[in-house]
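File shown: target_26.pdb (PDB, C-alpha atoms and all ligand atoms).
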ATOM      1  CA  MET A   1       0.000   0.000   0.000  1.00  0.00           C
ATOM      2  CA  LYS A   2       2.807   2.371   0.986  1.00  0.00           C
ATOM      3  CA  LYS A   3       4.504   1.669  -2.342  1.00  0.00           C
ATOM      4  CA  LEU A   4       1.271   2.344  -4.200  1.00  0.00           C
ATOM      5  CA  PHE A   5       0.948   5.765  -2.554  1.00  0.00           C
ATOM      6  CA  ALA A   6       4.592   6.556  -3.276  1.00  0.00           C
ATOM      7  CA  ALA A   7       4.076   5.668  -6.945  1.00  0.00           C
ATOM      8  CA  LEU A   8       0.886   7.713  -7.082  1.00  0.00           C
ATOM      9  CA  PHE A   9       2.629  10.756  -5.592  1.00  0.00           C
ATOM     10  CA  ALA A  10       5.502  10.383  -8.048  1.00  0.00           C
ATOM     11  CA  VAL A  11       3.051  10.382 -10.965  1.00  0.00           C
ATOM     12  CA  LEU A  12       1.207  13.407  -9.574  1.00  0.00           C
ATOM     13  CA  ALA A  13       4.480  15.270  -9.017  1.00  0.00           C
ATOM     14  CA  VAL A  14       5.529  14.719 -12.633  1.00  0.00           C
ATOM     15  CA  ALA A  15       2.070  15.694 -13.881  1.00  0.00           C
ATOM     16  CA  GLY A  16       2.235  18.849 -11.720  1.00  0.00           C
ATOM     17  CA  THR A  17       5.561  19.841 -13.243  1.00  0.00           C
ATOM     18  CA  ALA A  18       4.302  19.232 -16.773  1.00  0.00           C
ATOM     19  CA  ASP A  19       1.256  21.436 -16.096  1.00  0.00           C
ATOM     20  CA  ALA A  20       3.254  24.298 -14.603  1.00  0.00           C
ATOM     21  CA  LYS A  21       3.750  26.572 -17.567  1.00  0.00           C
ATOM     22  CA  THR A  22       5.642  29.836 -17.728  1.00  0.00           C
ATOM     23  CA  LEU A  23       5.054  32.824 -19.977  1.00  0.00           C
ATOM     24  CA  VAL A  24       7.358  35.735 -20.734  1.00  0.00           C
ATOM     25  CA  ALA A  25       5.185  38.736 -21.609  1.00  0.00           C
ATOM     26  CA  TYR A  26       7.135  41.819 -22.595  1.00  0.00           C
ATOM     27  CA  TYR A  27       7.116  45.049 -24.530  1.00  0.00           C
ATOM     28  CA  SER A  28      10.215  46.365 -26.261  1.00  0.00           C
ATOM     29  CA  ARG A  29      10.393  49.444 -28.446  1.00  0.00           C
ATOM     30  CA  SER A  30      14.033  49.246 -29.490  1.00  0.00           C
ATOM     31  CA  GLY A  31      15.078  45.665 -28.727  1.00  0.00           C
ATOM     32  CA  ASN A  32      16.798  45.830 -25.322  1.00  0.00           C
ATOM     33  CA  THR A  33      13.974  44.306 -23.288  1.00  0.00           C
ATOM     34  CA  ALA A  34      13.485  41.759 -26.078  1.00  0.00           C
ATOM     35  CA  ALA A  35      17.133  40.711 -25.642  1.00  0.00           C
ATOM     36  CA  VAL A  36      16.575  40.083 -21.916  1.00  0.00           C
ATOM     37  CA  ALA A  37      13.303  38.280 -22.629  1.00  0.00           C
ATOM     38  CA  ASN A  38      15.079  35.994 -25.102  1.00  0.00           C
ATOM     39  CA  GLN A  39      17.680  35.068 -22.509  1.00  0.00           C
ATOM     40  CA  ILE A  40      14.955  34.248 -19.954  1.00  0.00           C
ATOM     41  CA  VAL A  41      13.241  32.081 -22.572  1.00  0.00           C
ATOM     42  CA  ALA A  42      16.524  30.327 -23.392  1.00  0.00           C
ATOM     43  CA  ALA A  43      17.072  29.517 -19.708  1.00  0.00           C
ATOM     44  CA  THR A  44      13.512  28.475 -18.858  1.00  0.00           C
ATOM     45  CA  GLY A  45      11.882  27.228 -22.058  1.00  0.00           C
ATOM     46  CA  ALA A  46       8.964  29.580 -21.360  1.00  0.00           C
ATOM     47  CA  ASP A  47       6.382  30.596 -23.943  1.00  0.00           C
ATOM     48  CA  VAL A  48       6.489  34.176 -25.229  1.00  0.00           C
ATOM     49  CA  TYR A  49       3.962  36.916 -25.720  1.00  0.00           C
ATOM     50  CA  ARG A  50       5.435  40.071 -27.226  1.00  0.00           C
ATOM     51  CA  ILE A  51       3.164  42.972 -26.352  1.00  0.00           C
ATOM     52  CA  GLU A  52       2.743  45.322 -29.324  1.00  0.00           C
ATOM     53  CA  THR A  53       0.651  48.404 -29.842  1.00  0.00           C
ATOM     54  CA  ALA A  54      -2.371  47.573 -32.006  1.00  0.00           C
ATOM     55  CA  ASP A  55      -1.322  50.422 -34.261  1.00  0.00           C
ATOM     56  CA  PRO A  56       2.305  49.781 -35.253  1.00  0.00           C
ATOM     57  CA  ASN A  57       2.735  53.541 -35.730  1.00  0.00           C
ATOM     58  CA  HIS A  58       1.295  54.436 -32.348  1.00  0.00           C
ATOM     59  CA  TYR A  59       4.691  55.815 -31.270  1.00  0.00           C
ATOM     60  CA  PRO A  60       6.808  57.996 -33.534  1.00  0.00           C
ATOM     61  CA  ALA A  61       9.915  56.388 -35.006  1.00  0.00           C
ATOM     62  CA  GLU A  62      12.164  59.000 -33.343  1.00  0.00           C
ATOM     63  CA  TYR A  63      13.258  58.704 -29.736  1.00  0.00           C
ATOM     64  CA  GLN A  64      12.603  62.275 -28.543  1.00  0.00           C
ATOM     65  CA  PRO A  65       8.984  62.596 -29.728  1.00  0.00           C
ATOM     66  CA  THR A  66       8.350  59.135 -28.267  1.00  0.00           C
ATOM     67  CA  THR A  67       9.489  60.350 -24.846  1.00  0.00           C
ATOM     68  CA  VAL A  68       7.120  63.323 -25.098  1.00  0.00           C
ATOM     69  CA  GLN A  69       4.146  61.146 -26.091  1.00  0.00           C
ATOM     70  CA  ALA A  70       4.989  58.550 -23.444  1.00  0.00           C
ATOM     71  CA  GLN A  71       5.168  61.187 -20.724  1.00  0.00           C
ATOM     72  CA  GLN A  72       1.768  62.520 -21.714  1.00  0.00           C
ATOM     73  CA  GLU A  73       0.269  59.014 -21.693  1.00  0.00           C
ATOM     74  CA  ILE A  74       1.704  58.268 -18.264  1.00  0.00           C
ATOM     75  CA  ASN A  75       0.534  61.594 -16.831  1.00  0.00           C
ATOM     76  CA  ASP A  76      -2.966  61.252 -18.293  1.00  0.00           C
ATOM     77  CA  GLY A  77      -3.346  57.512 -17.610  1.00  0.00           C
ATOM     78  CA  ILE A  78      -3.816  56.772 -21.314  1.00  0.00           C
ATOM     79  CA  LEU A  79      -3.720  53.051 -22.131  1.00  0.00           C
ATOM     80  CA  PRO A  80      -2.733  52.431 -25.766  1.00  0.00           C
ATOM     81  CA  GLU A  81      -4.508  49.551 -27.474  1.00  0.00           C
ATOM     82  CA  ILE A  82      -2.402  46.417 -27.743  1.00  0.00           C
ATOM     83  CA  ASN A  83      -2.405  43.183 -29.753  1.00  0.00           C
ATOM     84  CA  THR A  84      -4.485  40.210 -28.618  1.00  0.00           C
ATOM     85  CA  ILE A  85      -3.507  38.836 -25.218  1.00  0.00           C
ATOM     86  CA  PRO A  86      -3.147  35.030 -25.313  1.00  0.00           C
ATOM     87  CA  ASP A  87      -5.237  32.795 -23.075  1.00  0.00           C
ATOM     88  CA  LEU A  88      -3.366  32.899 -19.774  1.00  0.00           C
ATOM     89  CA  ILE A  89      -5.233  30.131 -17.988  1.00  0.00           C
ATOM     90  CA  GLU A  90      -2.521  27.501 -18.497  1.00  0.00           C
ATOM     91  CA  TYR A  91       0.271  29.665 -17.046  1.00  0.00           C
ATOM     92  CA  ASP A  92       1.103  29.718 -13.378  1.00  0.00           C
ATOM     93  CA  THR A  93       4.167  31.947 -13.716  1.00  0.00           C
ATOM     94  CA  VAL A  94       4.305  35.102 -15.817  1.00  0.00           C
ATOM     95  CA  PHE A  95       7.439  37.200 -16.308  1.00  0.00           C
ATOM     96  CA  VAL A  96       6.472  40.786 -17.145  1.00  0.00           C
ATOM     97  CA  GLY A  97       9.135  42.751 -19.013  1.00  0.00           C
ATOM     98  CA  THR A  98       9.288  46.398 -19.934  1.00  0.00           C
ATOM     99  CA  PRO A  99      11.660  49.231 -20.656  1.00  0.00           C
ATOM    100  CA  CYS A 100      11.713  51.870 -17.926  1.00  0.00           C
ATOM    101  CA  TRP A 101       9.741  54.860 -19.202  1.00  0.00           C
ATOM    102  CA  TRP A 102       9.830  57.958 -17.026  1.00  0.00           C
ATOM    103  CA  GLY A 103      10.622  55.801 -14.032  1.00  0.00           C
ATOM    104  CA  THR A 104       7.700  53.428 -14.536  1.00  0.00           C
ATOM    105  CA  MET A 105       6.568  50.721 -16.983  1.00  0.00           C
ATOM    106  CA  ALA A 106       5.941  51.422 -20.685  1.00  0.00           C
ATOM    107  CA  SER A 107       2.282  52.247 -21.314  1.00  0.00           C
ATOM    108  CA  PRO A 108       1.547  49.110 -23.428  1.00  0.00           C
ATOM    109  CA  VAL A 109       2.584  47.000 -20.416  1.00  0.00           C
ATOM    110  CA  ARG A 110       0.169  48.980 -18.268  1.00  0.00           C
ATOM    111  CA  THR A 111      -2.547  48.125 -20.805  1.00  0.00           C
ATOM    112  CA  PHE A 112      -1.589  44.444 -20.601  1.00  0.00           C
ATOM    113  CA  LEU A 113      -1.706  44.336 -16.801  1.00  0.00           C
ATOM    114  CA  THR A 114      -4.985  46.251 -16.728  1.00  0.00           C
ATOM    115  CA  ASN A 115      -6.679  43.867 -19.181  1.00  0.00           C
ATOM    116  CA  ALA A 116      -5.093  40.540 -18.210  1.00  0.00           C
ATOM    117  CA  ASP A 117      -6.132  38.487 -15.196  1.00  0.00           C
ATOM    118  CA  LEU A 118      -2.992  37.383 -13.378  1.00  0.00           C
ATOM    119  CA  ALA A 119      -4.730  36.600 -10.081  1.00  0.00           C
ATOM    120  CA  GLY A 120      -3.299  33.522  -8.381  1.00  0.00           C
ATOM    121  CA  LYS A 121      -0.244  33.446 -10.657  1.00  0.00           C
ATOM    122  CA  THR A 122       3.361  34.207  -9.797  1.00  0.00           C
ATOM    123  CA  VAL A 123       4.446  37.467 -11.410  1.00  0.00           C
ATOM    124  CA  ILE A 124       8.144  38.250 -11.945  1.00  0.00           C
ATOM    125  CA  PRO A 125       9.060  41.712 -13.257  1.00  0.00           C
ATOM    126  CA  PHE A 126      12.114  42.619 -15.314  1.00  0.00           C
ATOM    127  CA  ASN A 127      13.093  45.816 -17.011  1.00  0.00           C
ATOM    128  CA  THR A 128      15.783  47.578 -18.957  1.00  0.00           C
ATOM    129  CA  HIS A 129      16.784  51.196 -18.422  1.00  0.00           C
ATOM    130  CA  GLU A 130      19.509  53.758 -19.082  1.00  0.00           C
ATOM    131  CA  GLY A 131      20.262  54.882 -15.553  1.00  0.00           C
ATOM    132  CA  SER A 132      17.096  54.660 -13.447  1.00  0.00           C
ATOM    133  CA  GLY A 133      17.506  51.005 -12.524  1.00  0.00           C
ATOM    134  CA  ALA A 134      14.140  49.548 -11.622  1.00  0.00           C
ATOM    135  CA  GLY A 135      12.758  52.994 -10.730  1.00  0.00           C
ATOM    136  CA  SER A 136       9.212  52.235  -9.584  1.00  0.00           C
ATOM    137  CA  VAL A 137       8.726  49.680 -12.374  1.00  0.00           C
ATOM    138  CA  HIS A 138       8.578  46.581 -10.183  1.00  0.00           C
ATOM    139  CA  THR A 139       6.434  48.121  -7.463  1.00  0.00           C
ATOM    140  CA  ASP A 140       4.074  49.560 -10.084  1.00  0.00           C
ATOM    141  CA  ILE A 141       3.730  46.117 -11.692  1.00  0.00           C
ATOM    142  CA  ALA A 142       3.008  44.628  -8.254  1.00  0.00           C
ATOM    143  CA  ALA A 143       0.388  47.318  -7.597  1.00  0.00           C
ATOM    144  CA  LEU A 144      -1.435  46.365 -10.815  1.00  0.00           C
ATOM    145  CA  THR A 145      -1.380  42.658  -9.894  1.00  0.00           C
ATOM    146  CA  PRO A 146      -2.551  42.763  -6.266  1.00  0.00           C
ATOM    147  CA  ASN A 147      -3.835  39.186  -6.267  1.00  0.00           C
ATOM    148  CA  SER A 148      -0.649  37.635  -7.620  1.00  0.00           C
ATOM    149  CA  GLU A 149       2.425  36.361  -5.843  1.00  0.00           C
ATOM    150  CA  HIS A 150       5.575  38.317  -6.619  1.00  0.00           C
ATOM    151  CA  LEU A 151       9.179  37.250  -6.893  1.00  0.00           C
ATOM    152  CA  ASN A 152      12.129  39.655  -6.973  1.00  0.00           C
ATOM    153  CA  GLY A 153      12.690  41.177 -10.381  1.00  0.00           C
ATOM    154  CA  ILE A 154      15.782  42.380 -12.180  1.00  0.00           C
ATOM    155  CA  ALA A 155      16.805  45.648 -13.854  1.00  0.00           C
ATOM    156  CA  ILE A 156      19.369  45.473 -16.657  1.00  0.00           C
ATOM    157  CA  ARG A 157      21.015  48.439 -18.346  1.00  0.00           C
ATOM    158  CA  GLY A 158      19.764  48.572 -21.923  1.00  0.00           C
ATOM    159  CA  SER A 159      23.235  48.875 -23.428  1.00  0.00           C
ATOM    160  CA  ALA A 160      24.250  45.648 -21.601  1.00  0.00           C
ATOM    161  CA  SER A 161      21.064  43.749 -22.340  1.00  0.00           C
ATOM    162  CA  ALA A 162      22.470  41.505 -25.063  1.00  0.00           C
ATOM    163  CA  ASN A 163      25.392  40.380 -22.871  1.00  0.00           C
ATOM    164  CA  SER A 164      23.779  39.727 -19.519  1.00  0.00           C
ATOM    165  CA  THR A 165      23.257  35.988 -19.660  1.00  0.00           C
ATOM    166  CA  ASP A 166      25.337  35.274 -16.536  1.00  0.00           C
ATOM    167  CA  THR A 167      23.552  37.979 -14.534  1.00  0.00           C
ATOM    168  CA  ILE A 168      20.155  36.785 -15.737  1.00  0.00           C
ATOM    169  CA  ASN A 169      20.885  33.130 -14.991  1.00  0.00           C
ATOM    170  CA  ALA A 170      22.216  34.018 -11.517  1.00  0.00           C
ATOM    171  CA  TRP A 171      18.998  35.925 -10.805  1.00  0.00           C
ATOM    172  CA  LEU A 172      16.809  33.068 -12.109  1.00  0.00           C
ATOM    173  CA  THR A 173      18.693  30.683  -9.832  1.00  0.00           C
ATOM    174  CA  GLU A 174      18.384  33.021  -6.835  1.00  0.00           C
ATOM    175  CA  ILE A 175      14.606  33.255  -7.169  1.00  0.00           C
ATOM    176  CA  GLY A 176      14.312  29.484  -7.641  1.00  0.00           C
ATOM    177  CA  ILE A 177      13.206  29.383 -11.283  1.00  0.00           C
ATOM    178  CA  ILE A 178      16.214  27.383 -12.523  1.00  0.00           C
ATOM    179  CA  GLU A 179      18.731  25.241 -10.655  1.00  0.00           C
TER     180      GLU A 179
HETATM  181  C1  LIG B 201       9.707  57.027 -23.674  1.00  0.00           C
HETATM  182  C2  LIG B 201      10.986  56.660 -23.020  1.00  0.00           C
HETATM  183  C3  LIG B 201      11.204  56.995 -21.680  1.00  0.00           C
HETATM  184  C4  LIG B 201      12.372  56.569 -21.033  1.00  0.00           C
HETATM  185  N1  LIG B 201      12.529  56.880 -19.705  1.00  0.00           N
HETATM  186  C5  LIG B 201      13.626  56.392 -19.045  1.00  0.00           C
HETATM  187  C6  LIG B 201      13.786  56.621 -17.655  1.00  0.00           C
HETATM  188  O1  LIG B 201      12.975  57.263 -16.987  1.00  0.00           O
HETATM  189  N2  LIG B 201      14.886  56.105 -17.050  1.00  0.00           N
HETATM  190  C7  LIG B 201      15.833  55.384 -17.732  1.00  0.00           C
HETATM  191  O2  LIG B 201      16.804  54.941 -17.131  1.00  0.00           O
HETATM  192  N3  LIG B 201      15.693  55.150 -19.061  1.00  0.00           N
HETATM  193  C8  LIG B 201      14.616  55.624 -19.726  1.00  0.00           C
HETATM  194  N4  LIG B 201      14.476  55.368 -21.064  1.00  0.00           N
HETATM  195  C9  LIG B 201      15.465  54.510 -21.732  1.00  0.00           C
HETATM  196  C10 LIG B 201      14.956  53.077 -21.867  1.00  0.00           C
HETATM  197  O3  LIG B 201      14.434  52.575 -20.627  1.00  0.00           O
HETATM  198  C11 LIG B 201      16.067  52.125 -22.300  1.00  0.00           C
HETATM  199  O4  LIG B 201      16.703  52.588 -23.455  1.00  0.00           O
HETATM  200  C12 LIG B 201      15.520  50.733 -22.528  1.00  0.00           C
HETATM  201  O5  LIG B 201      16.572  49.793 -22.506  1.00  0.00           O
HETATM  202  C13 LIG B 201      14.764  50.605 -23.851  1.00  0.00           C
HETATM  203  O6  LIG B 201      14.258  49.299 -23.957  1.00  0.00           O
HETATM  204  P1  LIG B 201      13.681  48.703 -25.318  1.00  0.00           P
HETATM  205  O7  LIG B 201      14.851  48.684 -26.303  1.00  0.00           O
HETATM  206  O8  LIG B 201      13.269  47.334 -24.941  1.00  0.00           O
HETATM  207  O9  LIG B 201      12.584  49.557 -25.770  1.00  0.00           O
HETATM  208  C14 LIG B 201      13.337  55.815 -21.738  1.00  0.00           C
HETATM  209  C15 LIG B 201      13.130  55.526 -23.093  1.00  0.00           C
HETATM  210  C16 LIG B 201      11.977  55.936 -23.730  1.00  0.00           C
HETATM  211  C17 LIG B 201      11.753  55.589 -25.181  1.00  0.00           C
END
Now that the file is in, can you turn its structure into structure tokens?
Amino acid sequence: MKKLFAALFAVLAVAGTADAKTLVAYYSRSGNTAAVANQIVAATGADVYRIETADPNHYPAEYQPTTVQAQQEINDGILPEINTIPDLIEYDTVFVGTPCWWGTMASPVRTFLTNADLAGKTVIPFNTHEGSGAGSVHTDIAALTPNSEHLNGIAIRGSASANSTDTINAWLTEIGIIE
């Protein structure tokens, strides 16, 4: 009988692992956050959802006008329309990635978190930046997902984003995502 229970638990444990799926949801305007997302995917085998604005020309091509528009959106609480959010029901862990914009998350990520239901899931923030570090990005993501569990995030300098595999893997190990 004892052996039967042990076998049953072993089967359930394997089934539990197979069911536990991870998603990396991120927005990236100029590729830095995408580079970090790709390294997380390489380390974890997670699925990917790249958040895009529904209108590909929503932001100007130039950096400076984009900062002006982004600041206005953040100040006015404007949520740009985004592409279709995948069905999240099968995921129990969701990485949420964003560039730091004016100290907080990029507006399309705010749209995602406002429209997606991440209740009961584990949310792990990551961001790229050019000097602000995490700013209030991680706390703002946590505030928009009050019914989720949160693990410590990471902030990577944009210019180093393509060469941060060791840092990213060390962080993933520290928070218990990889061994
Ligand atoms: C609209 C806008 C606002 C930004 N605001 C900040 C900021 O407040 N602090 C900072 O360190 N970097 C800021 N940056 C720089 C980006 O966070 C950085 O370049 C980031 O790596 C870009 O990521 P991406 O290539 O994934 O879009 C800003 C960039 C843009 C376009």
Is it possible to get the axis-aligned box enclosing ligand LIG 201 (chain B) (all listed atoms, 6 Å extra per side) as lines of an AutoDock Vina configuration file, with centre and edge lengths in Å rounded to one decimal?
center_x = 13.3
center_y = 52.3
center_z = -21.6
size_x = 19.1
size_y = 21.9
size_z = 21.3
Counting all atoms listed in the file, which residues of chain A sit at most 8 Å from some atom of ligand LIG 201 (chain B), and what is each one's closest atom pair with its distance in Å to one decimal, listed by chain and rising residue number, as CSV?
residue,atom,partner,partner_atom,distance
A:Tyr27,CA,B:LIG201,O8,6.6
A:Ser28,CA,B:LIG201,O8,3.5
A:Arg29,CA,B:LIG201,O9,3.5
A:Ser30,CA,B:LIG201,O7,3.3
A:Gly31,CA,B:LIG201,O7,3.9
A:Asn32,CA,B:LIG201,O7,3.6
A:Thr33,CA,B:LIG201,O8,3.5
A:Ala34,CA,B:LIG201,O8,5.7
A:Ala35,CA,B:LIG201,O8,7.7
A:Tyr63,CA,B:LIG201,C17,5.7
A:Gln64,CA,B:LIG201,C17,7.5
A:Thr66,CA,B:LIG201,C1,5.2
A:Thr67,CA,B:LIG201,C1,3.5
A:Val68,CA,B:LIG201,C1,7.0
A:Gln69,CA,B:LIG201,C1,7.3
A:Ala70,CA,B:LIG201,C1,5.0
A:Gln71,CA,B:LIG201,C1,6.8
A:Thr98,CA,B:LIG201,O8,6.5
A:Pro99,CA,B:LIG201,O6,4.2
A:Cys100,CA,B:LIG201,O3,3.9
A:Trp101,CA,B:LIG201,N1,3.5
A:Trp102,CA,B:LIG201,O1,3.2
A:Gly103,CA,B:LIG201,O1,4.1
A:Thr104,CA,B:LIG201,O1,7.0
A:Ala106,CA,B:LIG201,C1,7.4
A:Asn127,CA,B:LIG201,O5,7.6
A:Thr128,CA,B:LIG201,O5,4.3
A:His129,CA,B:LIG201,O3,3.5
A:Glu130,CA,B:LIG201,O2,3.5
A:Gly131,CA,B:LIG201,O2,3.8
A:Ser132,CA,B:LIG201,O2,3.7
A:Gly133,CA,B:LIG201,O2,6.1
A:Gly135,CA,B:LIG201,N2,7.4
A:Ile156,CA,B:LIG201,O5,7.8
A:Arg157,CA,B:LIG201,O5,6.2
A:Gly158,CA,B:LIG201,O5,3.5
A:Ser159,CA,B:LIG201,O5,6.8
A:Ser161,CA,B:LIG201,O5,7.5
| request: Select all residues near (-2.9, 53.2, -28.7) (cut-off 7 Å, inclusive, file coordinates), counting all atoms listed in the file, and output them as a PyMOL selection string. | output: chain A and resi 53-55+58+79-82
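You can rank A:Ile178, A:Ile78, A:Ala116, A:Val123 by their closest distance to A:Val24 using all atoms listed in the file, and at the top of that list sits A:Val123.
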| Which residue out of A:Ile51, A:Ala160, A:Ala37, A:Ala134 has the minimum interatomic distance to A:Thr111 when only C-alpha atoms are used? | A:Ile51
As a PDB file, keeping the file's coordinate frame, the rebuilt stretch 135-148 of chain A with N, CA and C atoms:
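To be explicit, this is the file written out as result12.pdb:
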ATOM      1  N   GLY A 135      13.688  51.878 -10.990  1.00  0.00           N
ATOM      2  CA  GLY A 135      12.758  52.994 -10.730  1.00  0.00           C
ATOM      3  C   GLY A 135      11.606  52.475  -9.887  1.00  0.00           C
ATOM      4  N   SER A 136      10.376  52.808 -10.290  1.00  0.00           N
ATOM      5  CA  SER A 136       9.212  52.235  -9.584  1.00  0.00           C
ATOM      6  C   SER A 136       8.548  51.147 -10.430  1.00  0.00           C
ATOM      7  N   VAL A 137       9.303  50.650 -11.436  1.00  0.00           N
ATOM      8  CA  VAL A 137       8.726  49.680 -12.374  1.00  0.00           C
ATOM      9  C   VAL A 137       8.178  48.441 -11.647  1.00  0.00           C
ATOM     10  N   HIS A 138       8.994  47.849 -10.789  1.00  0.00           N
ATOM     11  CA  HIS A 138       8.578  46.581 -10.183  1.00  0.00           C
ATOM     12  C   HIS A 138       7.441  46.790  -9.187  1.00  0.00           C
ATOM     13  N   THR A 139       7.516  47.873  -8.437  1.00  0.00           N
ATOM     14  CA  THR A 139       6.434  48.121  -7.463  1.00  0.00           C
ATOM     15  C   THR A 139       5.142  48.502  -8.189  1.00  0.00           C
ATOM     16  N   ASP A 140       5.276  49.203  -9.313  1.00  0.00           N
ATOM     17  CA  ASP A 140       4.074  49.560 -10.084  1.00  0.00           C
ATOM     18  C   ASP A 140       3.433  48.309 -10.703  1.00  0.00           C
ATOM     19  N   ILE A 141       4.259  47.383 -11.157  1.00  0.00           N
ATOM     20  CA  ILE A 141       3.730  46.117 -11.692  1.00  0.00           C
ATOM     21  C   ILE A 141       3.020  45.349 -10.571  1.00  0.00           C
ATOM     22  N   ALA A 142       3.624  45.327  -9.393  1.00  0.00           N
ATOM     23  CA  ALA A 142       3.008  44.628  -8.254  1.00  0.00           C
ATOM     24  C   ALA A 142       1.670  45.284  -7.883  1.00  0.00           C
ATOM     25  N   ALA A 143       1.630  46.617  -7.962  1.00  0.00           N
ATOM     26  CA  ALA A 143       0.388  47.318  -7.597  1.00  0.00           C
ATOM     27  C   ALA A 143      -0.749  46.987  -8.558  1.00  0.00           C
ATOM     28  N   LEU A 144      -0.399  46.696  -9.818  1.00  0.00           N
ATOM     29  CA  LEU A 144      -1.435  46.365 -10.815  1.00  0.00           C
ATOM     30  C   LEU A 144      -1.802  44.881 -10.794  1.00  0.00           C
ATOM     31  N   THR A 145      -1.077  44.098 -10.000  1.00  0.00           N
ATOM     32  CA  THR A 145      -1.380  42.658  -9.894  1.00  0.00           C
ATOM     33  C   THR A 145      -1.502  42.292  -8.411  1.00  0.00           C
ATOM     34  N   PRO A 146      -2.475  42.897  -7.725  1.00  0.00           N
ATOM     35  CA  PRO A 146      -2.551  42.763  -6.266  1.00  0.00           C
ATOM     36  C   PRO A 146      -2.879  41.346  -5.800  1.00  0.00           C
ATOM     37  N   ASN A 147      -3.449  40.536  -6.681  1.00  0.00           N
ATOM     38  CA  ASN A 147      -3.835  39.186  -6.267  1.00  0.00           C
ATOM     39  C   ASN A 147      -2.878  38.117  -6.786  1.00  0.00           C
ATOM     40  N   SER A 148      -1.680  38.569  -7.158  1.00  0.00           N
ATOM     41  CA  SER A 148      -0.649  37.635  -7.620  1.00  0.00           C
ATOM     42  C   SER A 148       0.423  37.524  -6.543  1.00  0.00           C
TER      43      SER A 148
END
